[in-house]
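Asker: coords39.cif is the file, holding mmCIF, C-alpha atoms:
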data_run
loop_
_atom_site.label_atom_id
_atom_site.label_comp_id
_atom_site.auth_asym_id
_atom_site.auth_seq_id
_atom_site.Cartn_x
_atom_site.Cartn_y
_atom_site.Cartn_z
CA MET A 1 7.68 -0.73 29.83
CA GLU A 2 4.95 -0.92 32.46
CA ILE A 3 1.60 -2.51 31.53
CA THR A 4 -0.30 0.72 32.14
CA ASP A 5 2.06 2.61 29.81
CA PHE A 6 1.67 -0.09 27.17
CA ASP A 7 -2.12 0.17 27.34
CA ILE A 8 -1.98 3.94 26.94
CA TYR A 9 0.04 3.68 23.72
CA LYS A 10 -1.93 0.67 22.51
CA ASN A 11 -5.20 2.62 22.83
CA LEU A 12 -3.69 5.75 21.30
CA LEU A 13 -2.43 3.85 18.24
CA LYS A 14 -5.75 2.05 17.78
CA LYS A 15 -7.70 5.30 17.95
CA LYS A 16 -5.43 7.35 15.68
CA SER A 17 -4.29 4.79 13.12
CA GLY A 18 -6.29 1.59 13.57
CA LEU A 19 -3.07 -0.25 14.37
CA VAL A 20 -3.63 -3.12 16.80
CA LEU A 21 -0.58 -3.65 19.00
CA SER A 22 -0.39 -7.03 20.74
CA SER A 23 1.42 -7.43 24.05
CA ASP A 24 4.22 -9.45 22.43
CA LYS A 25 5.11 -6.31 20.45
CA SER A 26 5.76 -4.17 23.53
CA TYR A 27 9.46 -4.23 22.70
CA LEU A 28 8.65 -2.11 19.62
CA LEU A 29 7.44 0.69 21.86
CA ASP A 30 10.77 0.83 23.65
CA SER A 31 12.86 0.75 20.49
CA ARG A 32 10.74 3.15 18.44
CA LEU A 33 9.54 5.61 21.06
CA SER A 34 12.84 6.19 22.88
CA PRO A 35 14.07 8.43 20.02
CA ILE A 36 10.75 10.33 20.12
CA ALA A 37 11.07 10.92 23.88
CA LYS A 38 14.62 12.20 23.34
CA LYS A 39 13.50 14.45 20.46
CA TRP A 40 10.86 16.06 22.70
CA GLY A 41 13.27 16.51 25.60
CA TYR A 42 11.95 13.78 27.89
CA ALA A 43 14.36 11.72 29.95
CA SER A 44 12.39 8.52 29.34
CA ILE A 45 9.29 7.08 27.68
CA ASN A 46 7.59 7.05 31.10
CA GLU A 47 8.19 10.78 31.48
CA MET A 48 6.77 11.36 28.00
CA THR A 49 3.74 9.23 28.90
CA VAL A 50 2.99 11.34 31.97
CA ALA A 51 3.25 14.55 29.95
CA LEU A 52 1.09 13.10 27.18
CA GLN A 53 -1.71 12.35 29.63
CA LYS A 54 -1.61 15.81 31.18
CA ILE A 55 -1.25 17.86 28.01
CA PRO A 56 -2.10 15.89 24.86
CA ASP A 57 0.04 17.43 22.12
CA THR A 58 -1.11 16.82 18.55
CA ALA A 59 2.39 17.11 17.10
CA LEU A 60 3.73 14.66 19.67
CA ILE A 61 0.94 12.21 18.90
CA ILE A 62 1.75 12.46 15.18
CA ASP A 63 5.39 11.63 15.92
CA ILE A 64 4.36 8.65 18.06
CA VAL A 65 2.02 7.26 15.39
CA GLU A 66 4.60 7.76 12.65
CA ALA A 67 7.27 6.01 14.74
CA MET A 68 5.02 2.99 15.27
CA THR A 69 3.95 2.69 11.63
CA THR A 70 5.60 -0.30 10.00
CA ASN A 71 7.50 0.77 6.89
CA GLU A 72 8.88 -2.57 5.73
CA THR A 73 8.89 -2.61 1.94
CA SER A 74 11.02 -3.32 -1.12
CA PHE A 75 10.92 -3.00 -4.88
CA PHE A 76 8.69 -5.64 -6.51
CA ARG A 77 7.97 -7.06 -3.06
CA ASP A 78 6.82 -10.71 -3.24
CA THR A 79 7.12 -10.60 -7.06
CA LYS A 80 3.83 -12.46 -7.73
CA PRO A 81 1.51 -9.41 -7.51
CA PHE A 82 3.58 -7.58 -10.10
CA ASP A 83 3.52 -10.61 -12.41
CA ILE A 84 -0.28 -10.65 -12.04
CA LEU A 85 -0.38 -6.92 -12.73
CA LYS A 86 1.46 -7.52 -16.01
CA THR A 87 -0.33 -10.69 -17.13
CA VAL A 88 -3.89 -10.18 -15.84
CA VAL A 89 -4.69 -6.60 -14.83
CA LEU A 90 -2.89 -4.53 -17.46
CA PRO A 91 -4.11 -6.63 -20.41
CA TYR A 92 -7.66 -6.27 -19.05
CA MET A 93 -7.25 -2.52 -18.71
CA GLN A 94 -5.73 -2.24 -22.17
CA GLU A 95 -8.84 -3.88 -23.59
CA HIS A 96 -11.53 -2.28 -21.43
CA ARG A 97 -10.09 1.23 -21.18
CA ALA A 98 -9.15 1.47 -24.86
CA ILE A 99 -11.60 4.28 -25.60
CA ASN A 100 -10.71 6.79 -22.87
CA LYS A 101 -7.12 5.49 -22.42
CA THR A 102 -7.10 6.30 -18.72
CA MET A 103 -6.08 4.14 -15.77
CA THR A 104 -5.87 5.32 -12.18
CA THR A 105 -4.00 3.44 -9.44
CA TRP A 106 -3.97 3.99 -5.69
CA CYS A 107 -1.18 2.61 -3.50
CA ALA A 108 -2.46 2.74 0.07
CA ALA A 109 0.21 2.74 2.81
CA ALA A 110 2.88 3.28 0.18
CA SER A 111 5.69 3.75 2.70
CA SER A 112 8.96 4.97 1.13
CA GLY A 113 7.75 4.59 -2.45
CA GLN A 114 9.08 1.26 -3.65
CA GLU A 115 5.63 -0.09 -4.54
CA PRO A 116 4.33 2.84 -6.63
CA TYR A 117 7.73 3.20 -8.31
CA SER A 118 7.69 -0.52 -9.15
CA ILE A 119 4.29 -0.07 -10.80
CA ARG A 120 5.50 2.95 -12.72
CA MET A 121 8.58 1.07 -13.97
CA ILE A 122 6.34 -1.72 -15.26
CA LEU A 123 4.19 0.82 -17.11
CA LYS A 124 7.31 2.44 -18.51
CA GLU A 125 8.50 -0.98 -19.72
CA LEU A 126 5.13 -1.44 -21.47
CA ASP A 127 5.01 2.09 -22.81
CA PHE A 128 4.61 0.84 -26.37
CA LYS A 129 1.27 -0.70 -25.33
CA PHE A 130 0.10 2.34 -23.37
CA ALA A 131 1.26 5.13 -25.68
CA GLY A 132 -1.07 8.10 -25.33
CA TRP A 133 -2.57 6.80 -22.08
CA LYS A 134 -3.00 8.76 -18.87
CA THR A 135 -1.86 6.42 -16.09
CA ASP A 136 -2.08 8.30 -12.79
CA ILE A 137 -0.64 6.80 -9.60
CA LEU A 138 -1.63 8.15 -6.18
CA ALA A 139 0.48 6.93 -3.26
CA THR A 140 -0.64 7.62 0.31
CA ASP A 141 0.71 6.96 3.77
CA ILE A 142 0.05 7.99 7.37
CA SER A 143 3.62 9.20 7.87
CA ASN A 144 4.66 12.58 6.47
CA GLU A 145 8.30 11.74 7.13
CA ILE A 146 8.18 8.57 5.05
CA LEU A 147 6.29 10.41 2.29
CA ASP A 148 9.11 12.97 2.10
CA GLN A 149 11.56 10.11 1.65
CA ALA A 150 9.40 8.63 -1.09
CA ARG A 151 9.23 11.94 -2.97
CA GLU A 152 13.03 12.19 -2.86
CA GLY A 153 13.34 8.65 -4.18
CA ILE A 154 16.82 8.13 -2.71
CA TYR A 155 17.72 4.63 -1.55
CA SER A 156 20.71 2.90 -0.05
CA GLN A 157 22.62 0.30 -2.04
CA PHE A 158 20.77 -2.42 -0.12
CA GLU A 159 17.33 -0.85 -0.67
CA ALA A 160 17.98 -0.21 -4.37
CA GLN A 161 19.15 -3.73 -5.11
CA ARG A 162 16.55 -5.47 -2.94
CA GLY A 163 14.09 -7.05 -5.36
CA LEU A 164 15.14 -4.82 -8.24
CA PRO A 165 16.58 -6.39 -11.43
CA ILE A 166 19.96 -4.89 -12.27
CA GLN A 167 18.72 -3.77 -15.72
CA MET A 168 15.96 -1.72 -14.09
CA LEU A 169 18.37 -0.24 -11.58
CA MET A 170 20.72 0.94 -14.29
CA SER A 171 18.00 2.32 -16.57
CA ASN A 172 15.82 4.02 -13.96
CA PHE A 173 18.23 5.25 -11.27
CA THR A 174 21.15 7.63 -10.97
CA GLN A 175 23.95 6.85 -8.54
CA ILE A 176 24.67 9.57 -5.99
CA GLY A 177 27.73 8.62 -3.95
CA GLU A 178 26.85 5.37 -2.21
CA LYS A 179 23.11 5.83 -2.81
CA TRP A 180 20.74 5.65 -5.76
CA GLN A 181 18.02 8.11 -6.77
CA ILE A 182 15.16 7.08 -9.02
CA ASN A 183 15.07 9.23 -12.14
CA GLU A 184 13.03 12.40 -12.18
CA ASP A 185 10.58 11.28 -14.87
CA ILE A 186 9.45 8.42 -12.61
CA ARG A 187 9.49 10.49 -9.40
CA LYS A 188 7.33 13.20 -10.94
CA SER A 189 4.81 10.68 -12.28
CA VAL A 190 3.73 9.51 -8.81
CA GLN A 191 1.62 11.81 -6.62
CA TYR A 192 2.23 11.43 -2.88
CA LYS A 193 -0.34 12.46 -0.32
CA TYR A 194 -0.85 12.08 3.44
CA PHE A 195 -3.85 9.89 4.17
CA ASN A 196 -5.09 7.87 7.12
CA LEU A 197 -7.10 4.79 6.10
CA LEU A 198 -9.50 5.49 8.97
CA ASP A 199 -10.49 8.79 7.34
CA ASN A 200 -13.18 9.56 4.76
CA MET A 201 -12.03 8.54 1.26
CA ASN A 202 -14.36 10.76 -0.74
CA ALA A 203 -11.68 13.29 -1.66
CA LEU A 204 -9.50 10.59 -3.23
CA GLY A 205 -11.78 9.82 -6.18
CA THR A 206 -12.31 6.51 -8.00
CA PHE A 207 -9.62 4.06 -9.06
CA ASP A 208 -9.19 1.24 -11.55
CA VAL A 209 -6.57 -0.51 -9.42
CA ILE A 210 -5.94 -0.36 -5.67
CA PHE A 211 -2.88 -1.78 -3.95
CA CYS A 212 -3.47 -2.24 -0.22
CA ARG A 213 -0.88 -4.86 0.54
CA ASN A 214 0.42 -5.98 3.93
CA VAL A 215 -1.61 -3.31 5.72
CA LEU A 216 -4.80 -5.01 6.88
CA ILE A 217 -2.85 -7.54 8.96
CA TYR A 218 -2.29 -4.77 11.52
CA PHE A 219 -6.01 -4.06 12.01
CA ASP A 220 -8.76 -5.89 13.85
CA THR A 221 -11.60 -7.52 11.89
CA GLU A 222 -14.02 -4.63 12.38
CA THR A 223 -11.51 -2.11 11.06
CA LYS A 224 -10.58 -4.36 8.12
CA GLN A 225 -14.23 -4.62 7.12
CA ASP A 226 -14.75 -0.88 7.40
CA ILE A 227 -11.71 -0.10 5.23
CA LEU A 228 -12.54 -2.70 2.58
CA ASP A 229 -16.21 -1.69 2.41
CA ARG A 230 -15.27 1.95 1.92
CA MET A 231 -12.58 1.05 -0.62
CA SER A 232 -15.18 -0.80 -2.66
CA LEU A 233 -17.00 2.52 -3.14
CA HIS A 234 -13.86 4.02 -4.66
CA LEU A 235 -12.99 1.17 -7.00
CA ALA A 236 -14.42 1.02 -10.52
CA ASN A 237 -17.04 -1.70 -10.96
CA ASP A 238 -14.58 -3.74 -13.00
CA GLY A 239 -11.51 -2.61 -11.04
CA PHE A 240 -8.97 -4.72 -9.15
CA LEU A 241 -7.78 -4.82 -5.55
CA PHE A 242 -4.40 -6.24 -4.53
CA LEU A 243 -3.94 -7.51 -0.96
CA GLY A 244 -0.90 -9.06 0.70
CA GLY A 245 -0.24 -12.80 0.62
CA ALA A 246 -1.34 -13.20 4.25
CA GLU A 247 -4.50 -11.13 3.78
CA THR A 248 -7.97 -12.05 2.55
CA VAL A 249 -11.50 -10.71 2.23
CA LEU A 250 -13.05 -14.06 3.10
CA GLY A 251 -15.06 -13.87 6.30
CA ILE A 252 -14.54 -10.11 6.46
CA THR A 253 -16.57 -8.52 3.66
CA ASP A 254 -18.84 -9.58 0.81
CA LYS A 255 -17.90 -6.57 -1.32
CA PHE A 256 -14.99 -8.40 -2.97
CA LYS A 257 -14.27 -11.86 -4.35
CA PRO A 258 -10.92 -13.52 -5.14
CA VAL A 259 -10.05 -13.52 -8.84
CA PRO A 260 -9.52 -17.16 -9.90
CA ASP A 261 -5.91 -18.30 -10.36
CA SER A 262 -4.56 -14.93 -9.23
CA ARG A 263 -3.51 -15.13 -5.59
CA GLY A 264 -3.87 -11.83 -3.75
CA LEU A 265 -6.04 -10.28 -6.48
CA TYR A 266 -9.68 -9.37 -5.82
CA ALA A 267 -12.53 -7.76 -7.73
CA LYS A 268 -15.89 -6.38 -6.71
CA GLU A 269 -18.87 -8.68 -6.41
CA GLY A 270 -20.61 -8.61 -9.80
CA SER A 271 -17.51 -7.59 -11.75
CA PRO A 272 -17.45 -8.67 -15.44
CA ILE A 273 -14.15 -10.40 -14.74
CA PHE A 274 -16.04 -13.19 -12.97
CA GLU A 275 -18.44 -13.66 -15.87
CA LYS A 276 -15.44 -14.11 -18.14
CA SER A 277 -13.86 -16.59 -15.73
CA ASP A 278 -17.12 -18.53 -15.34
CA SER A 279 -17.58 -18.72 -19.11
CA ALA A 280 -14.06 -20.06 -19.55
CA THR A 281 -14.57 -22.63 -16.79
CA GLN A 282 -17.85 -23.82 -18.33
CA ALA A 283 -16.26 -24.05 -21.76
CA ILE A 284 -13.40 -26.16 -20.44
CA ALA A 285 -15.84 -28.40 -18.58
CA SER A 286 -17.92 -28.91 -21.77
CA GLY A 287 -14.82 -29.69 -23.78
CA SER A 288 -15.12 -26.70 -26.11
CA LEU A 289 -11.82 -25.30 -24.88
CA SER A 290 -8.61 -27.17 -24.19
CA SER A 291 -7.28 -26.82 -20.65
#
Let's see the structure in the file written out as structure tokens.
Answerer:
Amino acid sequence: MEITDFDIYKNLLKKKSGLVLSSDKSYLLDSRLSPIAKKWGYASINEMTVALQKIPDTALIIDIVEAMTTNETSFFRDTKPFDILKTVVLPYMQEHRAINKTMTTWCAAASSGQEPYSIRMILKELDFKFAGWKTDILATDISNEILDQAREGIYSQFEAQRGLPIQMLMSNFTQIGEKWQINEDIRKSVQYKYFNLLDNMNALGTFDVIFCRNVLIYFDTETKQDILDRMSLHLANDGFLFLGGAETVLGITDKFKPVPDSRGLYAKEGSPIFEKSDSATQAIASGSLSS
């Protein structure tokens, strides 16, 4: 791909999705946009580029952005965040939401659904602790095509087994030929919605837990700060934010702080969770608690 063509798509992706495409990723344009050019009847990506400059087509741009969106995911990806969800976040919510028995979760950039379905399976496993609770899960993504896949909840043998304990596979999925479909009760309990993280978040509401994992790594610092600052306005004062293992808020925003001993977990500045952690640390230091 010629440099000028690369710059055109690089600028388009940055403007429409916030995705920052480095020059060493130019090969992705060839591999992912060739099918789009063919779909739209262009003989090559270059021909599509010329047409795009002359007559910008919104539907074509949507296809281009969706093709370039990274959809790498798996059930219980990286394991640790889901352990922290079970051992830190859910016990906190069980205690501090005991009166209204409501917990709302947002999975940003949910891709083909493995993350929100993993969360739902954990809640199902702990149903005896959350009986009578309303535990809404909103899952959003910038790709309508991938959202349709998520709603269907059908996965290949490889996708179904990747990161998923065999007991959970057998109890939460139905085999359809060589594929597996997650059971209807779980599918229907996750709401999927198109959403671009660059857009206004006001219509989404407020959440107790936000998963925004392995997304920010594709944005520049300014965009990361903007997204995190706006997310802080839609997270409960004592809510929790999950980021990917390679992501951090440090040096980007002062709206969040890392939760001690919980890698990848963050809470808002001033959250009661830090007062609890500080009290425990002081007690250990004074010898009133055993470490």
Asker: Could you jot down the CA of Ile45 in chain A to CA of Ser22 in chain A separation for me, Å, one decimal place?
Answerer: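 Interatomic distance here is 18.5 Å.
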Asker: On this structure, which residues satisfy the PyMOL selection byres ((chain A and resi 6) around 10), written as a list in words?
Answerer: Met1, Glu2, Ile3, Thr4, Asp5, Asp7, Ile8, Tyr9, Lys10, Asn11, Leu12, Leu21, Ser22, Ser23, Lys25, Ser26, Tyr27, Leu29, Asp30 and Thr49 of chain A
Asker: Please report, as CSV, each residue of range 83-160 of chain A lying at most 10 Å from range 242-255 of chain A, together with the nearest pair of atoms and the separation in Å rounded to one decimal; use only C-alpha atoms, and order rows by chain and ascending residue number.
Answerer:
residue,atom,partner,partner_atom,distance
A:Ile84,CA,A:Phe242,CA,9.6
A:Leu85,CA,A:Phe242,CA,9.2
A:Cys107,CA,A:Phe242,CA,9.5
Asker: So that I can check the surroundings of range 168-185 of chain A, please list as a list of chain:residue names every protein, DNA and RNA residue that reaches within 12 Å of it, counting only C-alpha atoms and ignoring chain neighbours fewer than 5 positions away.
Answerer: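 My reading of the contact set: A:Phe75, A:Phe76, A:Gly113, A:Gln114, A:Pro116, A:Tyr117, A:Ser118, A:Arg120, A:Met121, A:Ile122, A:Lys124, A:Glu125, A:Gln149, A:Ala150, A:Arg151, A:Glu152, A:Gly153, A:Ile154, A:Tyr155, A:Ser156, A:Gln157, A:Phe158, A:Glu159, A:Ala160, A:Gln161, A:Arg162, A:Gly163, A:Val190.
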Asker: Let me know the residues the PyMOL selection byres ((chain A and resi 224) around 12) catches in the file above, as JSON, numbers by chain.
Answerer: {"A": [18, 19, 20, 197, 198, 212, 214, 215, 216, 217, 218, 219, 220, 221, 222, 223, 225, 226, 227, 228, 229, 230, 231, 243, 247, 248, 249, 250, 251, 252, 253]}
Asker: Evaluated on this file, the PyMOL selection byres ((chain A and resi 239) around 10) picks out some residues - which ones are they, written as a PDB file with C-alpha atoms, in the coordinates of the input?
Answerer:
ATOM      1  CA  VAL A  89      -4.690  -6.600 -14.830  1.00  0.00           C
ATOM      2  CA  TYR A  92      -7.660  -6.270 -19.050  1.00  0.00           C
ATOM      3  CA  MET A  93      -7.250  -2.520 -18.710  1.00  0.00           C
ATOM      4  CA  MET A 103      -6.080   4.140 -15.770  1.00  0.00           C
ATOM      5  CA  THR A 104      -5.870   5.320 -12.180  1.00  0.00           C
ATOM      6  CA  THR A 105      -4.000   3.440  -9.440  1.00  0.00           C
ATOM      7  CA  THR A 206     -12.310   6.510  -8.000  1.00  0.00           C
ATOM      8  CA  PHE A 207      -9.620   4.060  -9.060  1.00  0.00           C
ATOM      9  CA  ASP A 208      -9.190   1.240 -11.550  1.00  0.00           C
ATOM     10  CA  VAL A 209      -6.570  -0.510  -9.420  1.00  0.00           C
ATOM     11  CA  ILE A 210      -5.940  -0.360  -5.670  1.00  0.00           C
ATOM     12  CA  SER A 232     -15.180  -0.800  -2.660  1.00  0.00           C
ATOM     13  CA  HIS A 234     -13.860   4.020  -4.660  1.00  0.00           C
ATOM     14  CA  LEU A 235     -12.990   1.170  -7.000  1.00  0.00           C
ATOM     15  CA  ALA A 236     -14.420   1.020 -10.520  1.00  0.00           C
ATOM     16  CA  ASN A 237     -17.040  -1.700 -10.960  1.00  0.00           C
ATOM     17  CA  ASP A 238     -14.580  -3.740 -13.000  1.00  0.00           C
ATOM     18  CA  PHE A 240      -8.970  -4.720  -9.150  1.00  0.00           C
ATOM     19  CA  LEU A 241      -7.780  -4.820  -5.550  1.00  0.00           C
ATOM     20  CA  TYR A 266      -9.680  -9.370  -5.820  1.00  0.00           C
ATOM     21  CA  ALA A 267     -12.530  -7.760  -7.730  1.00  0.00           C
ATOM     22  CA  LYS A 268     -15.890  -6.380  -6.710  1.00  0.00           C
ATOM     23  CA  SER A 271     -17.510  -7.590 -11.750  1.00  0.00           C
ATOM     24  CA  PRO A 272     -17.450  -8.670 -15.440  1.00  0.00           C
ATOM     25  CA  ILE A 273     -14.150 -10.400 -14.740  1.00  0.00           C
TER      26      ILE A 273
END
Asker: Go through A:Asn100, A:Asp57, A:Ile166, A:Ser17 one by one, measure the shortest atom-to-atom distance of each to Asp141 in chain A using all atoms listed in the file, and give the residue with the smallest value.
Answerer: A:Ser17
Asker: Quick one: everything within 7 Å of Thr102 in chain A, counting all atoms listed in the file, minus sequence neighbours fewer than 4 positions away in the same chain. Send it as a VMD selection string.
Answerer: chain A and resid 97 133 to 135
Asker: Could you save the residues just selected, with C-alpha atoms, as a short mmCIF file (atom, residue, chain, number, x, y, z; two decimals), keeping the file's coordinate frame?
Answerer:
data_model
loop_
_atom_site.label_atom_id
_atom_site.label_comp_id
_atom_site.auth_asym_id
_atom_site.auth_seq_id
_atom_site.Cartn_x
_atom_site.Cartn_y
_atom_site.Cartn_z
CA ARG A 97 -10.09 1.23 -21.18
CA TRP A 133 -2.57 6.80 -22.08
CA LYS A 134 -3.00 8.76 -18.87
CA THR A 135 -1.86 6.42 -16.09
#
Asker: Point out the residue among A:Ser262, A:Asn200, A:Ser112, A:Ser31 with the least atom-to-atom distance to Thr73 in chain A, counting all atoms listed in the file.
Answerer: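 With all atoms listed in the file as the atom set, the closest residue is A:Ser112.
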Asker: One number please: CA of Asp24 in chain A to CA of Ile36 in chain A, in Å, one decimal.
Answerer: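 That distance, rounded to one decimal, is 21.0 Å.
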Asker: Give the answer as one residue: which of A:Leu265, A:Ala139, A:Gln53, A:Gln94 has the shortest atom-to-atom distance to Asp127 in chain A, using all atoms listed in the file?
Answerer: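 Smallest separation from Asp127 in chain A among the options: A:Gln94.
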Asker: Could you please determine the separation between CA of Ile142 in chain A and CA of Tyr192 in chain A in Å, to one decimal place?
Answerer: 11.0 Å
Asker: Check the smallest atom-to-atom distance from each of A:Arg263, A:Lys16, A:Lys188, A:Lys193 to Ala108 in chain A using only C-alpha atoms, then report the winner.
Answerer: A:Lys193
Asker: Which of these, A:Trp106, A:Phe195, A:Phe130, A:Phe256, has the shortest distance to Gly270 in chain A once you count all atoms listed in the file?
Answerer: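 Nearest to Gly270 in chain A: A:Phe256.
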Asker: For a quick check of understanding, using all atoms listed in the file, which of A:Met48, A:Thr79, A:Val88, A:Ile61 has the smallest distance to Pro165 in chain A?
Answerer: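 Of A:Met48, A:Thr79, A:Val88, A:Ile61, the one nearest Pro165 in chain A, counting all atoms listed in the file, is A:Thr79.
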